[in-house]
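This is run18.tsv. It holds TSV, C-alpha atoms.
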chain	number	residue	atom	x	y	z
A	1	MET	CA	-26.56	86.92	-155.16
A	2	LYS	CA	-29.28	87.75	-157.63
A	3	LEU	CA	-32.88	87.58	-156.40
A	4	SER	CA	-33.58	85.16	-159.27
A	5	GLU	CA	-31.06	82.74	-157.74
A	6	ILE	CA	-32.63	83.19	-154.31
A	7	GLN	CA	-36.05	82.46	-155.79
A	8	ARG	CA	-34.71	79.24	-157.30
A	9	ILE	CA	-33.00	78.10	-154.07
A	10	LEU	CA	-36.13	78.68	-151.98
A	11	ASP	CA	-38.55	77.51	-154.66
A	12	ALA	CA	-40.32	80.74	-153.84
A	13	GLU	CA	-43.47	82.19	-155.36
A	14	VAL	CA	-42.92	85.73	-156.63
A	15	LEU	CA	-45.63	88.10	-155.37
A	16	VAL	CA	-44.10	91.40	-156.56
A	17	GLY	CA	-41.29	92.22	-158.97
A	18	HIS	CA	-40.85	89.20	-161.21
A	19	GLU	CA	-39.36	91.53	-163.80
A	20	TRP	CA	-36.70	92.81	-161.35
A	21	LEU	CA	-35.31	89.52	-160.07
A	22	ASP	CA	-32.39	89.31	-162.51
A	23	GLU	CA	-31.44	92.93	-161.93
A	24	ILE	CA	-31.33	93.06	-158.14
A	25	ASP	CA	-28.39	91.74	-156.15
A	26	ALA	CA	-28.45	90.94	-152.41
A	27	GLN	CA	-25.21	91.27	-150.45
A	28	LYS	CA	-26.67	90.16	-147.13
A	29	ALA	CA	-29.78	88.70	-145.55
A	30	CYS	CA	-31.50	89.19	-142.23
A	31	GLY	CA	-34.01	86.82	-140.65
A	32	ALA	CA	-36.24	88.64	-138.17
A	33	ASP	CA	-39.82	89.17	-137.03
A	34	LEU	CA	-39.05	92.19	-134.85
A	35	MET	CA	-38.84	95.39	-136.88
A	36	SER	CA	-36.81	97.27	-134.28
A	37	ASP	CA	-34.13	94.57	-134.56
A	38	VAL	CA	-34.13	95.03	-138.34
A	39	LEU	CA	-33.79	98.80	-137.89
A	40	ALA	CA	-30.99	98.36	-135.37
A	41	PHE	CA	-28.87	95.73	-137.07
A	42	THR	CA	-29.18	95.87	-140.85
A	43	LYS	CA	-27.07	97.87	-143.26
A	44	GLY	CA	-26.17	97.47	-146.91
A	45	ARG	CA	-27.98	95.63	-149.67
A	46	THR	CA	-30.03	93.38	-147.42
A	47	LEU	CA	-32.82	90.90	-148.12
A	48	LEU	CA	-35.27	90.50	-145.23
A	49	LEU	CA	-36.60	87.05	-144.40
A	50	THR	CA	-39.62	87.31	-142.13
A	51	GLY	CA	-42.90	85.83	-141.00
A	52	LEU	CA	-44.38	89.25	-140.21
A	53	THR	CA	-46.86	90.10	-142.93
A	54	ASN	CA	-48.27	93.51	-142.03
A	55	CYS	CA	-47.66	96.85	-143.72
A	56	GLN	CA	-45.04	97.91	-141.19
A	57	VAL	CA	-42.68	95.42	-142.83
A	58	ILE	CA	-42.97	97.42	-146.05
A	59	ARG	CA	-42.48	100.69	-144.16
A	60	THR	CA	-39.36	99.30	-142.50
A	61	ALA	CA	-38.06	98.01	-145.83
A	62	GLU	CA	-38.61	101.35	-147.53
A	63	LEU	CA	-37.09	103.40	-144.71
A	64	ILE	CA	-33.80	101.51	-144.59
A	65	ASP	CA	-33.61	100.60	-148.28
A	66	LEU	CA	-33.95	96.83	-148.02
A	67	ILE	CA	-33.64	95.28	-151.47
A	68	GLY	CA	-36.39	92.70	-151.09
A	69	LEU	CA	-38.59	90.60	-148.82
A	70	VAL	CA	-39.15	86.89	-148.48
A	71	PHE	CA	-42.11	85.84	-146.39
A	72	VAL	CA	-41.45	82.47	-144.81
A	73	ARG	CA	-43.56	79.67	-143.37
A	74	GLY	CA	-46.00	80.09	-146.25
A	75	LYS	CA	-47.35	83.25	-144.63
A	76	ARG	CA	-49.09	85.10	-147.42
A	77	PRO	CA	-49.54	88.88	-146.95
A	78	GLY	CA	-52.78	90.69	-147.72
A	79	GLU	CA	-53.43	92.69	-150.87
A	80	ASP	CA	-52.76	95.94	-149.01
A	81	VAL	CA	-49.20	94.81	-148.25
A	82	ILE	CA	-48.64	93.57	-151.81
A	83	SER	CA	-49.89	96.89	-153.24
A	84	MET	CA	-47.67	98.84	-150.90
A	85	ALA	CA	-44.65	96.76	-151.93
A	86	ARG	CA	-45.45	97.34	-155.59
A	87	GLU	CA	-45.76	101.12	-155.07
A	88	ASN	CA	-42.34	101.10	-153.42
A	89	HIS	CA	-40.76	98.90	-156.13
A	90	LEU	CA	-39.91	96.31	-153.51
A	91	PRO	CA	-39.62	92.70	-154.71
A	92	VAL	CA	-41.54	90.23	-152.55
A	93	MET	CA	-41.41	86.45	-152.55
A	94	LEU	CA	-43.12	83.74	-150.53
A	95	THR	CA	-41.60	80.42	-149.45
A	96	LYS	CA	-43.18	77.51	-147.63
A	97	LEU	CA	-39.90	76.90	-145.82
A	98	PRO	CA	-39.51	77.90	-142.17
A	99	LEU	CA	-37.19	80.77	-141.25
A	100	TYR	CA	-34.40	78.56	-139.96
A	101	GLU	CA	-34.20	76.48	-143.14
A	102	THR	CA	-34.54	79.55	-145.37
A	103	CYS	CA	-31.60	81.19	-143.62
A	104	GLY	CA	-29.58	77.98	-143.74
A	105	LEU	CA	-30.10	77.37	-147.44
A	106	LEU	CA	-29.16	80.91	-148.41
A	107	TYR	CA	-26.17	80.99	-146.08
A	108	ALA	CA	-24.88	77.69	-147.46
A	109	ALA	CA	-25.39	78.92	-151.01
A	110	GLY	CA	-23.07	81.85	-150.38
A	111	LEU	CA	-25.30	84.66	-149.10
A	112	ASN	CA	-23.25	84.74	-145.93
A	113	ASN	CA	-22.00	88.32	-145.56
A	114	VAL	CA	-24.28	88.64	-142.56
A	115	PRO	CA	-24.66	92.07	-140.92
A	116	LYS	CA	-22.78	92.59	-137.67
B	1	MET	CA	-30.98	126.41	-134.95
B	2	THR	CA	-29.07	129.65	-135.51
B	3	ALA	CA	-29.64	130.06	-139.26
B	4	GLN	CA	-32.84	130.00	-141.26
B	5	PRO	CA	-33.60	126.30	-141.77
B	6	ALA	CA	-33.26	124.97	-145.30
B	7	LEU	CA	-36.24	122.74	-144.67
B	8	TYR	CA	-39.08	122.56	-142.16
B	9	LEU	CA	-41.56	119.68	-142.04
B	10	SER	CA	-44.47	119.01	-139.73
B	11	PHE	CA	-46.85	116.05	-139.47
B	12	SER	CA	-49.62	114.82	-137.21
B	13	ILE	CA	-49.67	111.31	-135.80
B	14	THR	CA	-52.85	109.55	-134.69
B	15	GLY	CA	-52.69	107.04	-131.89
B	16	LEU	CA	-53.45	103.40	-132.83
B	17	ASP	CA	-53.63	104.26	-136.56
B	18	PHE	CA	-51.20	101.58	-137.70
B	19	SER	CA	-52.05	101.86	-141.37
B	20	ALA	CA	-50.79	105.44	-141.39
B	21	ALA	CA	-47.97	104.97	-138.88
B	22	GLY	CA	-44.66	105.44	-140.64
B	23	GLU	CA	-46.04	107.76	-143.36
B	24	ALA	CA	-44.47	110.84	-141.80
B	25	SER	CA	-41.05	109.18	-141.53
B	26	THR	CA	-41.28	108.05	-145.15
B	27	LYS	CA	-42.02	111.61	-146.26
B	28	ILE	CA	-39.18	112.97	-144.12
B	29	LYS	CA	-36.77	110.49	-145.66
B	30	LYS	CA	-37.85	111.42	-149.21
B	31	ALA	CA	-37.48	115.13	-148.49
B	32	LEU	CA	-33.97	114.69	-147.08
B	33	LYS	CA	-32.87	112.71	-150.11
B	34	GLN	CA	-34.30	115.38	-152.41
B	35	ILE	CA	-32.22	118.13	-150.79
B	36	GLY	CA	-29.05	116.04	-151.04
B	37	VAL	CA	-28.45	114.89	-147.45
B	38	THR	CA	-25.95	111.98	-147.36
B	39	ASP	CA	-27.27	108.42	-147.30
B	40	GLU	CA	-25.90	107.70	-143.83
B	41	VAL	CA	-27.54	110.78	-142.27
B	42	VAL	CA	-30.79	110.03	-144.10
B	43	ARG	CA	-30.73	106.49	-142.74
B	44	ARG	CA	-30.13	107.59	-139.15
B	45	THR	CA	-32.82	110.25	-139.37
B	46	ALA	CA	-35.30	107.84	-140.92
B	47	ILE	CA	-34.77	105.24	-138.20
B	48	ALA	CA	-35.00	107.78	-135.36
B	49	ALA	CA	-38.13	109.39	-136.82
B	50	TYR	CA	-39.80	106.04	-137.51
B	51	GLU	CA	-39.17	104.63	-134.04
B	52	ALA	CA	-40.46	107.85	-132.48
B	53	GLU	CA	-43.50	107.90	-134.75
B	54	MET	CA	-44.29	104.27	-133.91
B	55	ASN	CA	-43.99	105.04	-130.20
B	56	VAL	CA	-46.64	107.74	-130.55
B	57	ALA	CA	-48.92	105.44	-132.56
B	58	ILE	CA	-48.48	102.61	-130.06
B	59	HIS	CA	-48.71	104.48	-126.76
B	60	ALA	CA	-50.33	107.88	-127.20
B	61	GLU	CA	-53.64	109.38	-128.24
B	62	LYS	CA	-52.02	111.71	-130.77
B	63	GLY	CA	-48.83	113.59	-131.48
B	64	THR	CA	-46.77	115.66	-133.87
B	65	ILE	CA	-43.40	115.28	-135.52
B	66	GLU	CA	-41.48	118.37	-136.62
B	67	VAL	CA	-38.18	118.47	-138.48
B	68	TRP	CA	-35.82	121.39	-139.05
B	69	VAL	CA	-32.87	120.97	-141.39
B	70	ASP	CA	-30.02	123.39	-141.95
B	71	ARG	CA	-26.45	123.00	-143.24
B	72	GLU	CA	-25.16	121.63	-139.96
B	73	GLN	CA	-27.85	119.56	-138.33
B	74	ILE	CA	-31.25	117.98	-138.38
B	75	LYS	CA	-33.50	118.64	-135.39
B	76	ILE	CA	-36.49	116.39	-134.82
B	77	VAL	CA	-39.09	117.07	-132.15
B	78	VAL	CA	-41.75	114.44	-131.51
B	79	SER	CA	-44.39	115.45	-129.01
B	80	ASP	CA	-47.46	113.54	-127.89
B	81	GLN	CA	-50.49	113.59	-125.66
B	82	GLY	CA	-50.47	110.31	-123.89
B	83	PRO	CA	-49.62	108.37	-120.76
B	84	GLY	CA	-46.10	109.73	-120.41
B	85	ILE	CA	-43.08	107.73	-119.25
B	86	ALA	CA	-42.84	107.06	-115.52
B	87	ASP	CA	-39.18	106.00	-115.50
B	88	ILE	CA	-37.14	107.26	-118.43
B	89	ASP	CA	-33.96	105.41	-117.44
B	90	LEU	CA	-35.89	102.14	-117.39
B	91	ALA	CA	-37.53	102.95	-120.73
B	92	MET	CA	-34.06	103.38	-122.26
B	93	LYS	CA	-33.06	99.81	-121.37
B	94	GLU	CA	-33.05	97.43	-124.31
B	95	GLY	CA	-35.83	94.90	-123.93
B	96	PHE	CA	-38.00	96.94	-121.56
B	97	SER	CA	-41.40	97.66	-123.04
B	98	THR	CA	-44.86	98.73	-121.89
B	99	ALA	CA	-46.32	98.16	-125.35
B	100	PRO	CA	-49.64	96.34	-125.67
B	101	GLU	CA	-49.98	93.02	-127.51
B	102	LEU	CA	-51.16	94.81	-130.65
B	103	ALA	CA	-47.78	96.50	-130.99
B	104	ARG	CA	-45.98	93.17	-130.77
B	105	GLU	CA	-48.20	91.83	-133.53
B	106	MET	CA	-46.92	94.73	-135.65
B	107	GLY	CA	-43.33	93.66	-135.00
B	108	PHE	CA	-42.71	96.40	-132.45
B	109	GLY	CA	-42.91	96.55	-128.68
B	110	ALA	CA	-39.66	94.68	-128.17
B	111	GLY	CA	-38.20	97.51	-126.13
B	112	MET	CA	-35.72	98.66	-128.77
B	113	GLY	CA	-37.36	101.91	-129.87
B	114	LEU	CA	-35.74	104.42	-127.55
B	115	PRO	CA	-32.35	102.63	-127.61
B	116	ASN	CA	-32.48	102.70	-131.43
B	117	ILE	CA	-33.25	106.42	-131.36
B	118	LYS	CA	-30.34	107.05	-129.01
B	119	ARG	CA	-28.03	105.01	-131.23
B	120	CYS	CA	-29.00	106.96	-134.34
B	121	THR	CA	-28.89	110.47	-132.93
B	122	ASP	CA	-26.07	112.69	-131.69
B	123	ASN	CA	-28.21	114.14	-128.92
B	124	LEU	CA	-31.47	112.94	-127.39
B	125	GLU	CA	-33.49	114.67	-124.68
B	126	ILE	CA	-36.67	113.15	-123.30
B	127	ASN	CA	-39.18	115.16	-121.28
B	128	SER	CA	-42.27	113.48	-119.98
B	129	THR	CA	-45.13	114.00	-117.55
B	130	VAL	CA	-47.16	110.98	-116.49
B	131	GLY	CA	-50.76	111.42	-117.50
B	132	LYS	CA	-49.99	114.22	-119.97
B	133	GLY	CA	-47.43	113.21	-122.59
B	134	THR	CA	-43.87	112.98	-123.82
B	135	THR	CA	-41.56	115.08	-125.97
B	136	LEU	CA	-38.43	113.80	-127.66
B	137	ASN	CA	-35.86	116.33	-128.85
B	138	MET	CA	-33.35	114.77	-131.25
B	139	LEU	CA	-30.32	116.19	-133.03
B	140	ILE	CA	-28.32	114.63	-135.84
B	141	HIS	CA	-25.19	116.39	-137.06
B	142	ILE	CA	-24.83	116.61	-140.78
B	143	SER	CA	-21.24	117.81	-140.94
B	144	THR	CA	-19.59	115.19	-138.70
B	145	ALA	CA	-19.46	111.38	-138.75
B	146	GLY	CA	-21.77	111.17	-135.72
B	147	ASN	CA	-22.43	107.88	-133.86
Once more with this new file: its structure as structure tokens, please.
Amino acid sequence: MKLSEIQRILDAEVLVGHEWLDEIDAQKACGADLMSDVLAFTKGRTLLLTGLTNCQVIRTAELIDLIGLVFVRGKRPGEDVISMARENHLPVMLTKLPLYETCGLLYAAGLNNVPK
Amino acid sequence: MTAQPALYLSFSITGLDFSAAGEASTKIKKALKQIGVTDEVVRRTAIAAYEAEMNVAIHAEKGTIEVWVDREQIKIVVSDQGPGIADIDLAMKEGFSTAPELAREMGFGAGMGLPNIKRCTDNLEINSTVGKGTTLNMLIHISTAGN
């Protein structure tokens, strides 16, 4: 599923990477606030849905090649996090929706190849 | 390591410096990709190095991370000056953590660090002295499928 489609489904604000949304395809998504869980359980072209807005989210994303981030619950990251995402060419979006609903909407729309 | 390593990397880690924590692992990952290590081995090494680096930042005063790479394996040694681990078997249990609240705010401290390292490596040895520090010796085989 293209990130542009995900942006539309979540009515998300694009913080980084507007120009990349049509080019990048997510195969899977992961909803998590614990980075060690993300490190342990994600593989493949994965979009991370999270309420954690510090720079370690970007580090985690870069280290395991996540294809993008959606911050949920309207939790806006600081400029340092946005800059870091931009430097790493990591698309970032922001949705007002809570994590549960974000996951549900994307799963129902077909982004349901969840990591085991 | 029996042969001259193809690559040697060394970095310092400062305790409680969460803005820099993860930088060393990022550089290690980039270096491995540049010398053509397979994606799967790069991923496992990156995760093991990052979890170990975060443990030093969270728990210790300071530490170092060293990496040796040759044709057959990647050796990572992470050594710190810090409180040490009183019960290593307990520390290896998923969910057990002695991390302070600050670590949990970072998204860590859930007690998955050492189990993640064990999962990603082919060999893990932990040596620790309470009140002095901890050393992790990790090996990842390049030429086999591994874990």
At most 9 Å is the cut-off: for each residue in chain A with any atom that close to an atom of chain B, write down the nearest atom pair and the distance in Å rounded to one decimal, counting all atoms listed in the file, chain first then increasing number, as a tab-separated table.
residue	atom	partner	partner_atom	distance
A:Asp33	CA	B:Gly107	CA	6.0
A:Leu34	CA	B:Gly107	CA	4.5
A:Met35	CA	B:Gly107	CA	5.2
A:Ser36	CA	B:Met112	CA	5.8
A:Asp37	CA	B:Met112	CA	7.3
A:Leu39	CA	B:Ile47	CA	6.5
A:Ala40	CA	B:Asn116	CA	6.0
A:Leu52	CA	B:Gly107	CA	6.9
A:Thr53	CA	B:Met106	CA	8.6
A:Asn54	CA	B:Met106	CA	6.6
A:Cys55	CA	B:Ser19	CA	7.1
A:Gln56	CA	B:Met106	CA	6.7
A:Val57	CA	B:Gly107	CA	8.1
A:Arg59	CA	B:Gly22	CA	6.3
A:Thr60	CA	B:Gly22	CA	8.3
A:Glu62	CA	B:Thr26	CA	7.6
A:Leu63	CA	B:Ala46	CA	6.1
A:Ile64	CA	B:Arg43	CA	6.1
A:Asp65	CA	B:Arg43	CA	8.6
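Near region 71-88 of chain A, within a cut-off of 8 Å and counting only C-alpha atoms, sit the residues Leu15, Val16, Gly17, Leu49, Thr50, Gly51, Leu52, Thr53, Asn54, Cys55, Ile58, Glu62, Pro91, Val92, Met93, Leu94, Thr95, Lys96, Leu97, Pro98, Leu99 and Thr102 of chain A, with same-chain residues fewer than 3 positions away left out.
Note that the spacing between CA of Gly104 (chain A) and CA of Glu19 (chain A) amounts to 26.1 Å.
When CA of Val67 (chain B) is paired with CA of Gly68 (chain A), their separation reads 28.7 Å.
Picture a line from CA of Asp80 (chain B) to CA of Val41 (chain B); it runs 24.7 Å.
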Quick one: everything within 8 Å of Asn112 (chain A), counting all atoms listed in the file, minus sequence neighbours fewer than 6 positions away in the same chain. Send it as a list in words. Lys28, Ala29 and Leu106 of chain A
If we count all atoms listed in the file, what is near Pro100 (chain B) at a cut-off of 9 Å, once residues fewer than 2 positions away on the same chain are taken out, given as a PDB file with C-alpha atoms, keeping the file's coordinate frame?
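In the end it all went to around_5.pdb:
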ATOM      1  CA  ILE B  58     -48.480 102.610-130.060  1.00  0.00           C
ATOM      2  CA  HIS B  59     -48.710 104.480-126.760  1.00  0.00           C
ATOM      3  CA  SER B  97     -41.400  97.660-123.040  1.00  0.00           C
ATOM      4  CA  THR B  98     -44.860  98.730-121.890  1.00  0.00           C
ATOM      5  CA  LEU B 102     -51.160  94.810-130.650  1.00  0.00           C
ATOM      6  CA  ALA B 103     -47.780  96.500-130.990  1.00  0.00           C
ATOM      7  CA  ARG B 104     -45.980  93.170-130.770  1.00  0.00           C
ATOM      8  CA  GLY B 109     -42.910  96.550-128.680  1.00  0.00           C
TER       9      GLY B 109
END
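Summary of the local environment: counting only C-alpha atoms, residues at most 12 Å from Ile24 (chain A), other than itself and those fewer than 4 positions away along its chain, are Met1, Lys2, Leu3, Ser4, Glu5, Ile6, Gln7, Gly17, His18, Glu19, Trp20, Arg45, Thr46, Leu47, Leu66, Ile67, Gly68, His89, Leu90, Pro91 and Val92 of chain A.
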Do you know which residues are at most 10 Å from Gly84 (chain B) counting only C-alpha atoms, after dropping those on the same chain fewer than 2 positions away, and could you put them as a PDB file with C-alpha atoms, keeping the file's coordinate frame?
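As written to disk, around-v1.pdb reads:
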ATOM      1  CA  HIS B  59     -48.710 104.480-126.760  1.00  0.00           C
ATOM      2  CA  ALA B  60     -50.330 107.880-127.200  1.00  0.00           C
ATOM      3  CA  ASP B  80     -47.460 113.540-127.890  1.00  0.00           C
ATOM      4  CA  GLN B  81     -50.490 113.590-125.660  1.00  0.00           C
ATOM      5  CA  GLY B  82     -50.470 110.310-123.890  1.00  0.00           C
ATOM      6  CA  ALA B  86     -42.840 107.060-115.520  1.00  0.00           C
ATOM      7  CA  ASP B  87     -39.180 106.000-115.500  1.00  0.00           C
ATOM      8  CA  ILE B  88     -37.140 107.260-118.430  1.00  0.00           C
ATOM      9  CA  ASN B 127     -39.180 115.160-121.280  1.00  0.00           C
ATOM     10  CA  SER B 128     -42.270 113.480-119.980  1.00  0.00           C
ATOM     11  CA  THR B 129     -45.130 114.000-117.550  1.00  0.00           C
ATOM     12  CA  VAL B 130     -47.160 110.980-116.490  1.00  0.00           C
ATOM     13  CA  GLY B 131     -50.760 111.420-117.500  1.00  0.00           C
ATOM     14  CA  LYS B 132     -49.990 114.220-119.970  1.00  0.00           C
ATOM     15  CA  GLY B 133     -47.430 113.210-122.590  1.00  0.00           C
ATOM     16  CA  THR B 134     -43.870 112.980-123.820  1.00  0.00           C
ATOM     17  CA  THR B 135     -41.560 115.080-125.970  1.00  0.00           C
TER      18      THR B 135
END
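Using all atoms listed in the file, the nearest neighbour of Leu16 (chain B) within the list B:Ala91, B:Trp68, B:Gln73, B:Ala99 is B:Ala99.
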Provide an axis-aligned box for all listed atoms of region 100-111 of chain B, padding each side by 8 Å; report its centre and its edge lengths in Å to one decimal, as JSON.
{"center_x": -44.7, "center_y": 94.7, "center_z": -130.7, "size_x": 29.0, "size_y": 21.7, "size_z": 26.0}
How would region 11-38 of chain A look with N, CA and C atoms restored, written as a CSV table (one decimal), in the coordinates of the input?
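Result file is rebuild07.csv:
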chain,number,residue,atom,x,y,z
A,11,ASP,N,-37.3,77.9,-153.9
A,11,ASP,CA,-38.6,77.5,-154.7
A,11,ASP,C,-39.7,78.4,-154.3
A,12,ALA,N,-39.4,79.7,-154.3
A,12,ALA,CA,-40.3,80.7,-153.8
A,12,ALA,C,-41.3,81.2,-154.9
A,13,GLU,N,-42.5,81.6,-154.5
A,13,GLU,CA,-43.5,82.2,-155.4
A,13,GLU,C,-43.2,83.7,-155.4
A,14,VAL,N,-43.2,84.3,-156.5
A,14,VAL,CA,-42.9,85.7,-156.6
A,14,VAL,C,-44.3,86.5,-156.5
A,15,LEU,N,-44.4,87.3,-155.6
A,15,LEU,CA,-45.6,88.1,-155.4
A,15,LEU,C,-45.5,89.5,-156.0
A,16,VAL,N,-44.3,90.1,-156.0
A,16,VAL,CA,-44.1,91.4,-156.6
A,16,VAL,C,-42.7,91.4,-157.2
A,17,GLY,N,-42.6,92.0,-158.4
A,17,GLY,CA,-41.3,92.2,-159.0
A,17,GLY,C,-40.6,91.1,-159.8
A,18,HIS,N,-41.4,90.3,-160.4
A,18,HIS,CA,-40.8,89.2,-161.2
A,18,HIS,C,-39.8,89.7,-162.2
A,19,GLU,N,-40.2,90.9,-162.7
A,19,GLU,CA,-39.4,91.5,-163.8
A,19,GLU,C,-38.0,92.1,-163.3
A,20,TRP,N,-37.9,92.2,-161.9
A,20,TRP,CA,-36.7,92.8,-161.4
A,20,TRP,C,-35.7,91.8,-160.8
A,21,LEU,N,-36.1,90.5,-160.8
A,21,LEU,CA,-35.3,89.5,-160.1
A,21,LEU,C,-33.9,89.4,-160.6
A,22,ASP,N,-33.7,89.5,-161.9
A,22,ASP,CA,-32.4,89.3,-162.5
A,22,ASP,C,-31.5,90.5,-162.4
A,23,GLU,N,-32.2,91.7,-162.0
A,23,GLU,CA,-31.4,92.9,-161.9
A,23,GLU,C,-31.0,93.2,-160.5
A,24,ILE,N,-31.6,92.7,-159.5
A,24,ILE,CA,-31.3,93.1,-158.1
A,24,ILE,C,-30.5,92.0,-157.4
A,25,ASP,N,-29.4,92.5,-156.8
A,25,ASP,CA,-28.4,91.7,-156.2
A,25,ASP,C,-28.4,91.9,-154.6
A,26,ALA,N,-28.5,90.8,-153.9
A,26,ALA,CA,-28.4,90.9,-152.4
A,26,ALA,C,-27.0,90.7,-152.0
A,27,GLN,N,-26.5,91.5,-151.0
A,27,GLN,CA,-25.2,91.3,-150.4
A,27,GLN,C,-25.3,90.5,-149.1
A,28,LYS,N,-26.5,90.7,-148.5
A,28,LYS,CA,-26.7,90.2,-147.1
A,28,LYS,C,-28.1,89.8,-147.0
A,29,ALA,N,-28.4,89.0,-145.9
A,29,ALA,CA,-29.8,88.7,-145.6
A,29,ALA,C,-29.9,88.8,-144.1
A,30,CYS,N,-31.2,89.1,-143.7
A,30,CYS,CA,-31.5,89.2,-142.2
A,30,CYS,C,-32.8,88.4,-142.0
A,31,GLY,N,-32.8,87.5,-141.0
A,31,GLY,CA,-34.0,86.8,-140.6
A,31,GLY,C,-34.5,87.4,-139.4
A,32,ALA,N,-35.7,88.0,-139.4
A,32,ALA,CA,-36.2,88.6,-138.2
A,32,ALA,C,-37.7,88.9,-138.3
A,33,ASP,N,-38.4,88.8,-137.1
A,33,ASP,CA,-39.8,89.2,-137.0
A,33,ASP,C,-40.0,90.4,-136.2
A,34,LEU,N,-39.0,91.0,-135.7
A,34,LEU,CA,-39.0,92.2,-134.8
A,34,LEU,C,-38.5,93.3,-135.7
A,35,MET,N,-39.3,94.3,-136.0
A,35,MET,CA,-38.8,95.4,-136.9
A,35,MET,C,-37.8,96.3,-136.2
A,36,SER,N,-37.8,96.5,-134.9
A,36,SER,CA,-36.8,97.3,-134.3
A,36,SER,C,-35.4,96.6,-134.4
A,37,ASP,N,-35.4,95.3,-134.4
A,37,ASP,CA,-34.1,94.6,-134.6
A,37,ASP,C,-33.6,94.8,-136.0
A,38,VAL,N,-34.5,94.8,-136.9
A,38,VAL,CA,-34.1,95.0,-138.3
A,38,VAL,C,-33.6,96.4,-138.5
